[in-house]
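Student: The following file, start02.cif, comprises mmCIF, C-alpha atoms (C1' of nucleotides):
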data_run
#
loop_
_atom_site.label_atom_id
_atom_site.label_comp_id
_atom_site.auth_asym_id
_atom_site.auth_seq_id
_atom_site.Cartn_x
_atom_site.Cartn_y
_atom_site.Cartn_z
CA MET A 1 -24.17 48.57 -17.49
CA VAL A 2 -23.50 51.53 -15.31
CA ASN A 3 -25.13 50.15 -12.26
CA GLN A 4 -24.30 46.49 -12.51
CA LYS A 5 -24.96 44.44 -9.40
CA PRO A 6 -21.91 42.92 -7.74
CA LEU A 7 -21.25 39.21 -7.78
CA ILE A 8 -21.49 37.83 -4.27
CA ALA A 9 -19.61 34.60 -3.76
CA ILE A 10 -20.35 32.69 -0.60
CA VAL A 11 -17.94 29.88 0.08
CA GLY A 12 -17.29 27.50 2.92
CA PRO A 13 -16.97 23.86 3.80
CA THR A 14 -19.81 21.42 3.52
CA ALA A 15 -22.46 21.80 6.23
CA SER A 16 -21.40 25.35 7.02
CA GLY A 17 -24.85 26.73 6.28
CA LYS A 18 -23.98 28.71 3.17
CA THR A 19 -26.96 27.54 1.15
CA GLY A 20 -29.45 28.63 3.79
CA LEU A 21 -27.75 31.98 4.15
CA ALA A 22 -27.74 32.57 0.41
CA ILE A 23 -31.43 31.82 0.14
CA ARG A 24 -32.27 34.22 2.97
CA LEU A 25 -30.23 36.97 1.37
CA ALA A 26 -31.52 36.35 -2.11
CA LYS A 27 -35.09 36.62 -0.90
CA LYS A 28 -34.35 39.82 0.92
CA ILE A 29 -32.57 41.66 -1.86
CA ASN A 30 -33.86 40.13 -5.08
CA GLY A 31 -31.04 37.80 -5.90
CA ALA A 32 -30.58 34.54 -7.74
CA ILE A 33 -28.38 31.65 -6.70
CA ILE A 34 -25.79 29.92 -8.80
CA CYS A 35 -24.71 26.66 -7.22
CA ALA A 36 -20.95 26.33 -7.39
CA ASP A 37 -20.91 22.67 -6.72
CA SER A 38 -19.38 19.92 -8.80
CA ARG A 39 -21.95 17.32 -7.77
CA THR A 40 -25.30 19.05 -7.72
CA VAL A 41 -25.06 19.45 -11.47
CA TYR A 42 -25.96 15.78 -11.72
CA ARG A 43 -29.56 14.74 -11.93
CA GLY A 44 -30.62 12.20 -9.37
CA MET A 45 -27.87 13.05 -6.90
CA ASN A 46 -30.04 14.88 -4.42
CA ILE A 47 -29.94 13.71 -0.86
CA GLY A 48 -26.23 12.97 -0.68
CA THR A 49 -25.25 16.27 -2.21
CA ALA A 50 -27.54 18.20 0.15
CA LYS A 51 -29.08 19.73 -2.93
CA PRO A 52 -31.69 22.26 -1.82
CA THR A 53 -35.26 21.08 -2.25
CA ASN A 54 -37.88 23.20 -3.94
CA ASP A 55 -39.28 23.95 -0.54
CA GLU A 56 -35.96 25.18 0.74
CA MET A 57 -35.40 27.34 -2.31
CA GLY A 58 -38.44 29.32 -1.30
CA GLY A 59 -39.04 30.70 -4.74
CA VAL A 60 -35.48 31.90 -5.27
CA ALA A 61 -34.12 31.03 -8.70
CA HIS A 62 -31.34 28.43 -8.60
CA TYR A 63 -28.98 27.83 -11.47
CA MET A 64 -26.59 24.99 -12.28
CA LEU A 65 -28.67 22.27 -10.71
CA ASP A 66 -29.57 19.02 -12.52
CA LEU A 67 -27.74 19.86 -15.70
CA VAL A 68 -26.52 16.45 -16.79
CA GLU A 69 -26.80 12.73 -16.17
CA PRO A 70 -24.25 11.23 -13.78
CA ASN A 71 -22.62 9.37 -16.64
CA ASP A 72 -22.21 12.53 -18.69
CA ALA A 73 -18.94 14.40 -18.76
CA PHE A 74 -19.08 17.70 -17.01
CA THR A 75 -15.91 19.66 -16.66
CA LEU A 76 -14.51 22.87 -15.33
CA TYR A 77 -14.91 24.33 -18.78
CA ASP A 78 -18.63 23.57 -18.92
CA PHE A 79 -19.08 24.99 -15.47
CA GLN A 80 -17.26 28.19 -16.20
CA ARG A 81 -19.01 28.80 -19.48
CA LEU A 82 -22.49 28.33 -18.05
CA VAL A 83 -21.91 30.25 -14.86
CA ASN A 84 -20.56 33.24 -16.70
CA LYS A 85 -23.58 33.12 -18.94
CA TYR A 86 -25.96 32.99 -15.99
CA ILE A 87 -24.19 35.77 -14.14
CA HIS A 88 -24.74 37.91 -17.18
CA GLU A 89 -28.40 36.96 -17.44
CA ILE A 90 -29.10 37.52 -13.77
CA ARG A 91 -27.51 40.91 -13.85
CA GLY A 92 -29.51 41.66 -16.97
CA LYS A 93 -32.64 41.26 -14.92
CA GLY A 94 -31.33 43.63 -12.32
CA GLN A 95 -30.84 40.84 -9.83
CA VAL A 96 -27.85 40.10 -7.64
CA PRO A 97 -25.99 36.93 -8.61
CA PHE A 98 -24.92 34.79 -5.65
CA LEU A 99 -22.26 32.23 -6.42
CA VAL A 100 -22.46 29.75 -3.59
CA GLY A 101 -20.80 26.46 -3.08
CA GLY A 102 -17.84 24.47 -1.93
CA SER A 103 -16.07 23.42 -5.10
CA GLY A 104 -12.95 25.53 -4.80
CA MET A 105 -11.54 25.16 -8.25
CA TYR A 106 -14.87 25.73 -9.92
CA ILE A 107 -15.40 28.91 -7.92
CA ASP A 108 -11.91 30.12 -8.72
CA SER A 109 -12.50 29.57 -12.41
CA ILE A 110 -15.05 32.36 -12.11
CA LEU A 111 -13.43 34.62 -9.53
CA PHE A 112 -10.02 34.44 -11.14
CA ASP A 113 -11.37 34.23 -14.65
CA TYR A 114 -9.38 31.18 -15.70
CA GLN A 115 -8.32 31.31 -19.31
CA LEU A 116 -9.07 27.80 -20.48
CA GLY A 117 -7.93 26.87 -23.92
CA ASP A 118 -9.64 24.84 -26.57
CA GLU A 119 -11.49 21.70 -25.82
CA PRO A 120 -9.16 18.71 -25.48
CA ASP A 121 -9.01 16.21 -28.29
CA LYS A 122 -11.22 13.26 -27.33
CA LEU A 123 -9.21 10.72 -29.28
CA LEU A 124 -5.99 11.85 -27.71
CA ARG A 125 -7.62 11.61 -24.29
CA GLN A 126 -8.73 8.06 -24.96
CA LYS A 127 -5.23 7.13 -25.94
CA LEU A 128 -3.67 8.79 -22.91
CA ASP A 129 -6.15 7.16 -20.55
CA LYS A 130 -4.73 3.81 -21.52
CA MET A 131 -1.14 4.73 -20.74
CA ASN A 132 0.50 4.28 -17.35
CA ASN A 133 2.12 7.11 -15.43
CA THR A 134 5.64 6.21 -16.40
CA ASP A 135 4.81 6.26 -20.08
CA LEU A 136 2.91 9.51 -19.74
CA LEU A 137 5.90 11.10 -18.09
CA SER A 138 8.24 9.84 -20.79
CA LEU A 139 5.92 11.23 -23.42
CA ILE A 140 5.99 14.63 -21.73
CA LYS A 141 9.75 14.58 -21.70
CA GLU A 142 9.91 13.43 -25.30
CA GLN A 143 7.71 16.31 -26.32
CA HIS A 144 9.76 18.71 -24.24
CA THR A 145 6.63 19.99 -22.59
CA GLU A 146 6.74 21.20 -19.04
CA VAL A 147 6.44 18.53 -16.36
CA PRO A 148 3.64 19.38 -13.91
CA ILE A 149 4.53 19.91 -10.26
CA ASN A 150 2.47 16.91 -9.25
CA TYR A 151 4.08 14.50 -11.63
CA ASP A 152 2.68 11.56 -9.67
CA ASN A 153 -0.79 12.79 -10.44
CA ARG A 154 -1.81 11.15 -13.68
CA ARG A 155 -4.55 13.65 -14.38
CA HIS A 156 -2.02 16.42 -14.33
CA LEU A 157 0.24 14.40 -16.56
CA ILE A 158 -2.56 13.90 -19.07
CA ARG A 159 -3.51 17.55 -19.01
CA ALA A 160 0.08 18.63 -19.53
CA ILE A 161 0.21 16.56 -22.68
CA GLU A 162 -3.15 17.79 -23.91
CA GLN A 163 -2.29 21.44 -23.52
CA GLY A 164 1.39 21.06 -24.29
CA GLY A 165 2.43 22.40 -20.93
CA VAL A 166 1.07 23.79 -17.71
CA ASN A 167 -1.45 26.60 -17.65
CA LYS A 168 -0.06 29.29 -15.40
CA ASN A 169 -2.34 32.19 -16.12
CA ARG A 170 -3.39 32.64 -12.54
CA ARG A 171 -4.51 36.17 -11.80
CA LYS A 172 -3.36 37.74 -8.59
CA SER A 173 -6.69 39.14 -7.60
CA ILE A 174 -10.32 38.40 -8.19
CA ILE A 175 -12.40 39.97 -10.93
CA ASN A 176 -13.95 43.39 -10.52
CA ASN A 177 -17.23 43.99 -8.81
CA ALA A 178 -17.11 40.74 -6.90
CA TYR A 179 -16.94 39.93 -3.21
CA VAL A 180 -16.07 36.63 -1.58
CA VAL A 181 -17.29 35.83 1.85
CA GLY A 182 -16.27 32.62 3.59
CA ILE A 183 -18.43 31.11 6.29
CA SER A 184 -16.05 30.47 9.13
CA THR A 185 -17.00 27.57 11.31
CA ASP A 186 -15.80 25.99 14.47
CA LYS A 187 -14.50 22.49 13.84
CA ASN A 188 -16.62 20.91 16.52
CA VAL A 189 -19.72 22.62 15.26
CA ILE A 190 -19.10 21.35 11.74
CA GLU A 191 -18.49 17.87 13.09
CA GLN A 192 -21.82 17.90 14.88
CA ARG A 193 -23.66 19.36 11.91
CA ILE A 194 -22.18 16.70 9.67
CA ARG A 195 -23.23 13.97 12.05
CA ASP A 196 -26.76 15.31 12.31
CA ARG A 197 -26.99 15.69 8.58
CA VAL A 198 -25.81 12.14 7.95
CA ASN A 199 -28.74 10.89 9.97
CA ILE A 200 -31.13 13.18 8.17
CA MET A 201 -29.86 11.97 4.80
CA LEU A 202 -30.23 8.35 5.80
CA ASP A 203 -33.74 8.95 7.09
CA ALA A 204 -34.58 10.71 3.85
CA GLY A 205 -33.78 7.57 1.88
CA PHE A 206 -30.19 8.15 0.85
CA VAL A 207 -29.45 4.44 0.61
CA ASP A 208 -32.26 4.02 -1.91
CA GLU A 209 -31.04 7.00 -3.86
CA VAL A 210 -27.63 5.41 -4.25
CA ARG A 211 -29.07 1.99 -5.07
CA ASN A 212 -31.18 3.50 -7.81
CA LEU A 213 -28.32 5.51 -9.24
CA VAL A 214 -26.03 2.51 -9.39
CA GLU A 215 -28.73 0.38 -10.97
CA LYS A 216 -29.42 3.01 -13.58
CA TYR A 217 -25.95 4.26 -14.40
CA GLY A 218 -23.46 1.73 -13.06
CA ASP A 219 -20.53 2.80 -10.98
CA GLN A 220 -19.88 6.32 -12.24
CA GLU A 221 -17.21 8.61 -10.85
CA PRO A 222 -19.63 11.08 -9.21
CA PHE A 223 -20.78 8.39 -6.84
CA ARG A 224 -17.64 6.39 -6.47
CA ASN A 225 -16.29 8.22 -3.43
CA ASN A 226 -17.45 10.21 -0.46
CA LEU A 227 -20.92 9.72 0.93
CA TYR A 228 -22.01 7.86 -2.20
CA GLY A 229 -18.99 5.57 -2.14
CA GLU A 230 -19.62 4.59 1.46
CA VAL A 231 -23.22 3.73 0.74
CA GLN A 232 -22.06 1.60 -2.16
CA LYS A 233 -19.82 -0.30 0.26
CA TYR A 234 -22.81 -0.75 2.52
CA LEU A 235 -24.85 -2.07 -0.39
CA ARG A 236 -22.06 -4.54 -1.11
CA ASN A 237 -22.20 -5.63 2.54
CA GLU A 238 -18.75 -4.34 3.24
CA LEU A 239 -20.08 -2.16 6.03
CA THR A 240 -22.71 -2.60 8.69
CA TYR A 241 -25.28 0.14 9.06
CA ASP A 242 -23.54 1.56 12.12
CA GLU A 243 -20.21 1.47 10.34
CA LEU A 244 -21.80 3.25 7.41
CA ILE A 245 -22.88 6.10 9.65
CA GLU A 246 -19.38 6.48 11.06
CA ARG A 247 -17.77 6.29 7.63
CA MET A 248 -20.14 8.91 6.27
CA VAL A 249 -19.20 11.26 9.07
CA ILE A 250 -15.50 10.67 8.46
CA VAL A 251 -15.71 11.10 4.73
CA ASP A 252 -17.74 14.29 4.98
CA ARG A 253 -15.33 15.70 7.56
CA GLN A 254 -12.48 14.93 5.17
CA LEU A 255 -14.34 16.74 2.44
CA ALA A 256 -14.76 19.80 4.64
CA LYS A 257 -11.06 19.73 5.36
CA LYS A 258 -10.05 19.46 1.73
CA GLN A 259 -12.37 22.29 0.84
CA MET A 260 -10.72 24.47 3.44
CA THR A 261 -7.28 23.63 2.09
CA TRP A 262 -8.36 24.98 -1.27
CA PHE A 263 -10.00 28.09 0.13
CA ARG A 264 -6.88 29.02 2.06
CA ARG A 265 -5.18 29.78 -1.24
CA ASN A 266 -7.51 32.71 -1.79
CA GLU A 267 -6.44 35.53 0.47
CA GLN A 268 -9.32 37.69 -0.63
CA ILE A 269 -11.95 35.63 1.12
CA GLU A 270 -13.45 37.53 4.04
CA TRP A 271 -13.99 34.90 6.69
CA LEU A 272 -16.98 35.65 8.88
CA ASN A 273 -19.36 33.66 10.98
CA ILE A 274 -22.78 33.18 9.52
CA ASP A 275 -24.43 36.15 11.21
CA ALA A 276 -21.58 38.51 10.50
CA ALA A 277 -21.56 37.27 6.90
CA GLU A 278 -25.22 38.10 6.54
CA LYS A 279 -24.65 41.62 7.84
CA ARG A 280 -21.58 42.17 5.74
CA ILE A 281 -23.25 41.06 2.52
CA SER A 282 -26.34 43.15 3.23
CA GLN A 283 -24.07 46.12 3.80
CA ILE A 284 -22.23 45.53 0.53
CA LEU A 285 -25.47 45.37 -1.37
CA ILE A 286 -26.95 48.49 0.17
CA SER A 287 -23.92 50.56 -0.67
CA SER A 288 -23.68 49.35 -4.24
"C1'" G B 1 -12.52 -23.14 39.26
"C1'" C B 2 -9.63 -25.73 35.32
"C1'" U B 3 -7.52 -25.55 30.24
"C1'" G B 4 -6.10 -22.93 25.85
"C1'" G B 5 -5.72 -17.94 23.17
"C1'" G B 6 -4.82 -12.85 23.73
"C1'" A B 7 -3.25 -7.80 25.70
"C1'" U B 8 1.65 -3.60 20.60
"C1'" A B 9 1.39 3.60 19.22
"C1'" G B 10 -5.55 7.49 18.26
"C1'" U B 11 -7.83 2.59 16.11
"C1'" G B 12 -7.12 -2.24 13.63
"C1'" A B 13 -2.99 -5.18 12.97
"C1'" A B 14 2.34 -7.14 11.85
"C1'" G B 15 6.59 -8.28 14.61
"C1'" C B 16 8.07 -13.43 18.18
"C1'" G B 17 16.01 -12.39 21.19
"C1'" G B 18 19.76 -7.73 18.31
"C1'" U B 19 19.25 -4.21 11.88
"C1'" C B 20 12.27 -1.89 16.52
"C1'" A B 21 10.23 4.30 17.95
"C1'" A B 22 8.24 -0.62 15.97
"C1'" A B 23 5.71 -2.91 8.87
"C1'" C B 24 0.94 -2.01 6.88
"C1'" A B 25 -4.02 -0.11 6.89
"C1'" C B 26 -7.37 3.36 8.88
"C1'" G B 27 -7.86 7.85 11.41
"C1'" G B 28 -5.40 12.77 12.20
"C1'" C B 29 -2.36 17.13 10.57
"C1'" A B 30 -0.23 19.93 6.64
"C1'" G B 31 0.35 20.77 1.49
"C1'" A B 32 0.02 20.73 -4.18
"C1'" C B 33 -3.32 21.11 -7.94
"C1'" U B 34 -6.55 25.95 -14.37
"C1'" G B 35 -10.79 20.65 -18.21
"C1'" U B 36 -14.74 14.35 -14.41
"C1'" A B 37 -11.72 18.50 -8.42
"C1'" A B 38 -16.76 15.51 -3.43
"C1'" A B 39 -11.12 14.03 -8.37
"C1'" U B 40 -5.92 13.07 -8.21
"C1'" C B 41 -1.31 13.46 -5.84
"C1'" U B 42 2.61 14.63 -1.85
"C1'" G B 43 4.79 15.08 3.14
"C1'" C B 44 4.33 14.41 8.44
"C1'" U B 45 1.99 11.54 12.35
"C1'" G B 46 5.69 8.89 20.66
"C1'" G B 47 8.65 13.04 23.11
"C1'" C B 48 12.72 16.41 22.97
"C1'" U B 49 17.37 21.36 23.49
"C1'" C B 50 16.15 16.75 17.08
"C1'" A B 51 22.18 14.08 11.62
"C1'" G B 52 21.47 12.85 18.44
"C1'" C B 53 19.03 11.67 22.83
"C1'" C B 54 14.89 10.09 25.95
"C1'" U B 55 10.35 7.20 27.23
"C1'" U B 56 7.25 3.19 24.85
"C1'" C B 57 4.87 -2.67 23.03
"C1'" G B 58 -1.19 -4.45 29.86
"C1'" G B 59 1.46 -4.04 35.53
"C1'" G B 60 5.55 -5.96 38.43
"C1'" G B 61 9.80 -9.11 38.78
"C1'" G B 62 13.57 -12.13 36.37
"C1'" U B 63 16.96 -14.55 32.38
"C1'" U B 64 20.46 -12.29 28.80
"C1'" C B 65 25.99 -8.49 26.59
"C1'" G B 66 20.98 -7.34 24.56
"C1'" A B 67 13.74 -8.49 25.27
"C1'" A B 68 7.79 -6.07 22.24
"C1'" U B 69 9.96 -10.92 21.44
"C1'" C B 70 12.20 -16.06 26.71
"C1'" C B 71 10.72 -17.30 32.16
"C1'" C B 72 7.72 -16.13 36.76
"C1'" U B 73 3.73 -13.52 38.68
"C1'" C B 74 -0.47 -10.09 38.83
"C1'" U B 75 -4.66 -7.66 36.26
"C1'" C B 76 -8.15 -7.72 32.38
"C1'" C B 77 -10.50 -9.87 27.88
"C1'" C B 78 -11.97 -14.13 24.63
"C1'" A B 79 -12.83 -19.40 23.66
"C1'" G B 80 -13.43 -24.58 25.49
"C1'" C B 81 -14.27 -27.48 29.91
"C1'" A B 82 -16.60 -27.28 34.59
#
Mind converting the file's structure to structure tokens?

Tutor:
Amino acid sequence: MVNQKPLIAIVGPTASGKTGLAIRLAKKINGAIICADSRTVYRGMNIGTAKPTNDEMGGVAHYMLDLVEPNDAFTLYDFQRLVNKYIHEIRGKGQVPFLVGGSGMYIDSILFDYQLGDEPDKLLRQKLDKMNNTDLLSLIKEQHTEVPINYDNRRHLIRAIEQGGVNKNRRKSIINNAYVVGISTDKNVIEQRIRDRVNIMLDAGFVDEVRNLVEKYGDQEPFRNNLYGEVQKYLRNELTYDELIERMVIVDRQLAKKQMTWFRRNEQIEWLNIDAAEKRISQILISS
RNA sequence: GCUGGGAUAGUGAAGCGGUCAAACACGGCAGACUGUAAAUCUGCUGGCUCAGCCUUCGGGGGUUCGAAUCCCUCUCCCAGCA
């Protein structure tokens, strides 16, 4: 592995154009795309996740899409394990792996090589799920395990109990032979792109997609919130069609904002506009 | 044209003489977060020279020690009658 290709991570908020950019680059320099997205792993969640269509992929290999059913558990651990495997495989073929997506924690699990422990005990999890926050906190104190910073966040409480503390193995810098480029975007531009995309999704049959998913799987977490959640409200007649459009715009804007909050933690992201990003990545790949 | 109802911060909406810069929700801003993360959770959200002060509750005028809250009047909306 003398001449191993670098890992190119392309991050950015939803609707920033990272997918399109990655496909262009991958075509140009023989790359493969790994989708770093917590929702496109689910089969059937296509329109609302802006999952690239076969047409859009243009023959570029895409990994991590359609891995599980929406009612299957899919965690950070699964993501990390598979992505690392695919990075290895892609490099083995002499191709450049592009890690592209907007799921900050998932991306960091690769870039910062999170050391995740053993799989949590399912029975314990079931038991903890039934407890309220107060009891979870008492249990943590009883066990003298470290109380998480967000002690109002029950997920963190549950995790603290499962791992007997808080995992603090955060590396200071990203792994070797990797570059992270962030697609910087003007807020107003994103707003407009989101709005346009909402209409495109709706025209493409997004409402039917959600209806079918709910019929088939019930109300699963992957489609409880965000775009999917709003359509569910519409299906329950809690929103008019016009209200649905506005809510979808709001909820997607909020997603973009939350994504940015996560990305700001990583000081090694090179923020560039889409054209500059394309040049920069091409330059990295030529010199490596 | 008459009769009722209403106009409250970015929006919706409480408040109906003092404890109101004004509940709550939404929206917005900022943040935390290593196992469902597009999750979950936290703080802020009139202005300022910020433990205090100033300007707000459609406009104007009154009553009162004191008004978003009472009275008069004007403007605009909604409903019923013409």

Student: Would you mind listing, as an NGL selection string, all residues of chain B that have at least one atom within 6 Å of chain A, where all atoms listed in the file are what counts?

Tutor: :B and (35-36 or 40-41)

Student: Run the PyMOL selection byres ((chain B and resi 82) around 9) on the file and write out the hits as JSON, numbers by chain.

Tutor: {"B": [1, 2, 81]}

Student: Selection in question (the file shown): the PyMOL selection byres ((chain A and resi 179) around 12). Which residues does it include, as a PDB file with C-alpha atoms, in the frame of the given file?

Tutor:
ATOM      1  CA  LYS A   5     -24.960  44.440  -9.400  1.00  0.00           C
ATOM      2  CA  PRO A   6     -21.910  42.920  -7.740  1.00  0.00           C
ATOM      3  CA  LEU A   7     -21.250  39.210  -7.780  1.00  0.00           C
ATOM      4  CA  ILE A   8     -21.490  37.830  -4.270  1.00  0.00           C
ATOM      5  CA  ALA A   9     -19.610  34.600  -3.760  1.00  0.00           C
ATOM      6  CA  ILE A  10     -20.350  32.690  -0.600  1.00  0.00           C
ATOM      7  CA  VAL A  11     -17.940  29.880   0.080  1.00  0.00           C
ATOM      8  CA  VAL A  96     -27.850  40.100  -7.640  1.00  0.00           C
ATOM      9  CA  PRO A  97     -25.990  36.930  -8.610  1.00  0.00           C
ATOM     10  CA  PHE A  98     -24.920  34.790  -5.650  1.00  0.00           C
ATOM     11  CA  LEU A  99     -22.260  32.230  -6.420  1.00  0.00           C
ATOM     12  CA  VAL A 100     -22.460  29.750  -3.590  1.00  0.00           C
ATOM     13  CA  ILE A 110     -15.050  32.360 -12.110  1.00  0.00           C
ATOM     14  CA  LEU A 111     -13.430  34.620  -9.530  1.00  0.00           C
ATOM     15  CA  PHE A 112     -10.020  34.440 -11.140  1.00  0.00           C
ATOM     16  CA  SER A 173      -6.690  39.140  -7.600  1.00  0.00           C
ATOM     17  CA  ILE A 174     -10.320  38.400  -8.190  1.00  0.00           C
ATOM     18  CA  ILE A 175     -12.400  39.970 -10.930  1.00  0.00           C
ATOM     19  CA  ASN A 176     -13.950  43.390 -10.520  1.00  0.00           C
ATOM     20  CA  ASN A 177     -17.230  43.990  -8.810  1.00  0.00           C
ATOM     21  CA  ALA A 178     -17.110  40.740  -6.900  1.00  0.00           C
ATOM     22  CA  VAL A 180     -16.070  36.630  -1.580  1.00  0.00           C
ATOM     23  CA  VAL A 181     -17.290  35.830   1.850  1.00  0.00           C
ATOM     24  CA  GLY A 182     -16.270  32.620   3.590  1.00  0.00           C
ATOM     25  CA  ASN A 266      -7.510  32.710  -1.790  1.00  0.00           C
ATOM     26  CA  GLU A 267      -6.440  35.530   0.470  1.00  0.00           C
ATOM     27  CA  GLN A 268      -9.320  37.690  -0.630  1.00  0.00           C
ATOM     28  CA  ILE A 269     -11.950  35.630   1.120  1.00  0.00           C
ATOM     29  CA  GLU A 270     -13.450  37.530   4.040  1.00  0.00           C
ATOM     30  CA  TRP A 271     -13.990  34.900   6.690  1.00  0.00           C
ATOM     31  CA  ALA A 277     -21.560  37.270   6.900  1.00  0.00           C
ATOM     32  CA  ARG A 280     -21.580  42.170   5.740  1.00  0.00           C
ATOM     33  CA  ILE A 281     -23.250  41.060   2.520  1.00  0.00           C
ATOM     34  CA  SER A 282     -26.340  43.150   3.230  1.00  0.00           C
ATOM     35  CA  GLN A 283     -24.070  46.120   3.800  1.00  0.00           C
ATOM     36  CA  ILE A 284     -22.230  45.530   0.530  1.00  0.00           C
ATOM     37  CA  LEU A 285     -25.470  45.370  -1.370  1.00  0.00           C
ATOM     38  CA  SER A 288     -23.680  49.350  -4.240  1.00  0.00           C
TER      39      SER A 288
END

Student: Contacts of G43 (chain B) at 12 Å or less, counting all atoms listed in the file, minus same-chain residues fewer than 3 places along, as JSON, numbers by chain?

Tutor: {"B": [29, 30, 31, 32]}

Student: Name the residues that the PyMOL selection byres ((chain A and resi 212-215) around 12) picks from the file above, as a VMD selection string, using the file's chain letters and numbers.

Tutor: chain A and resid 42 to 48 69 to 71 205 to 211 216 to 224 228 to 229 231 to 233 235 to 236
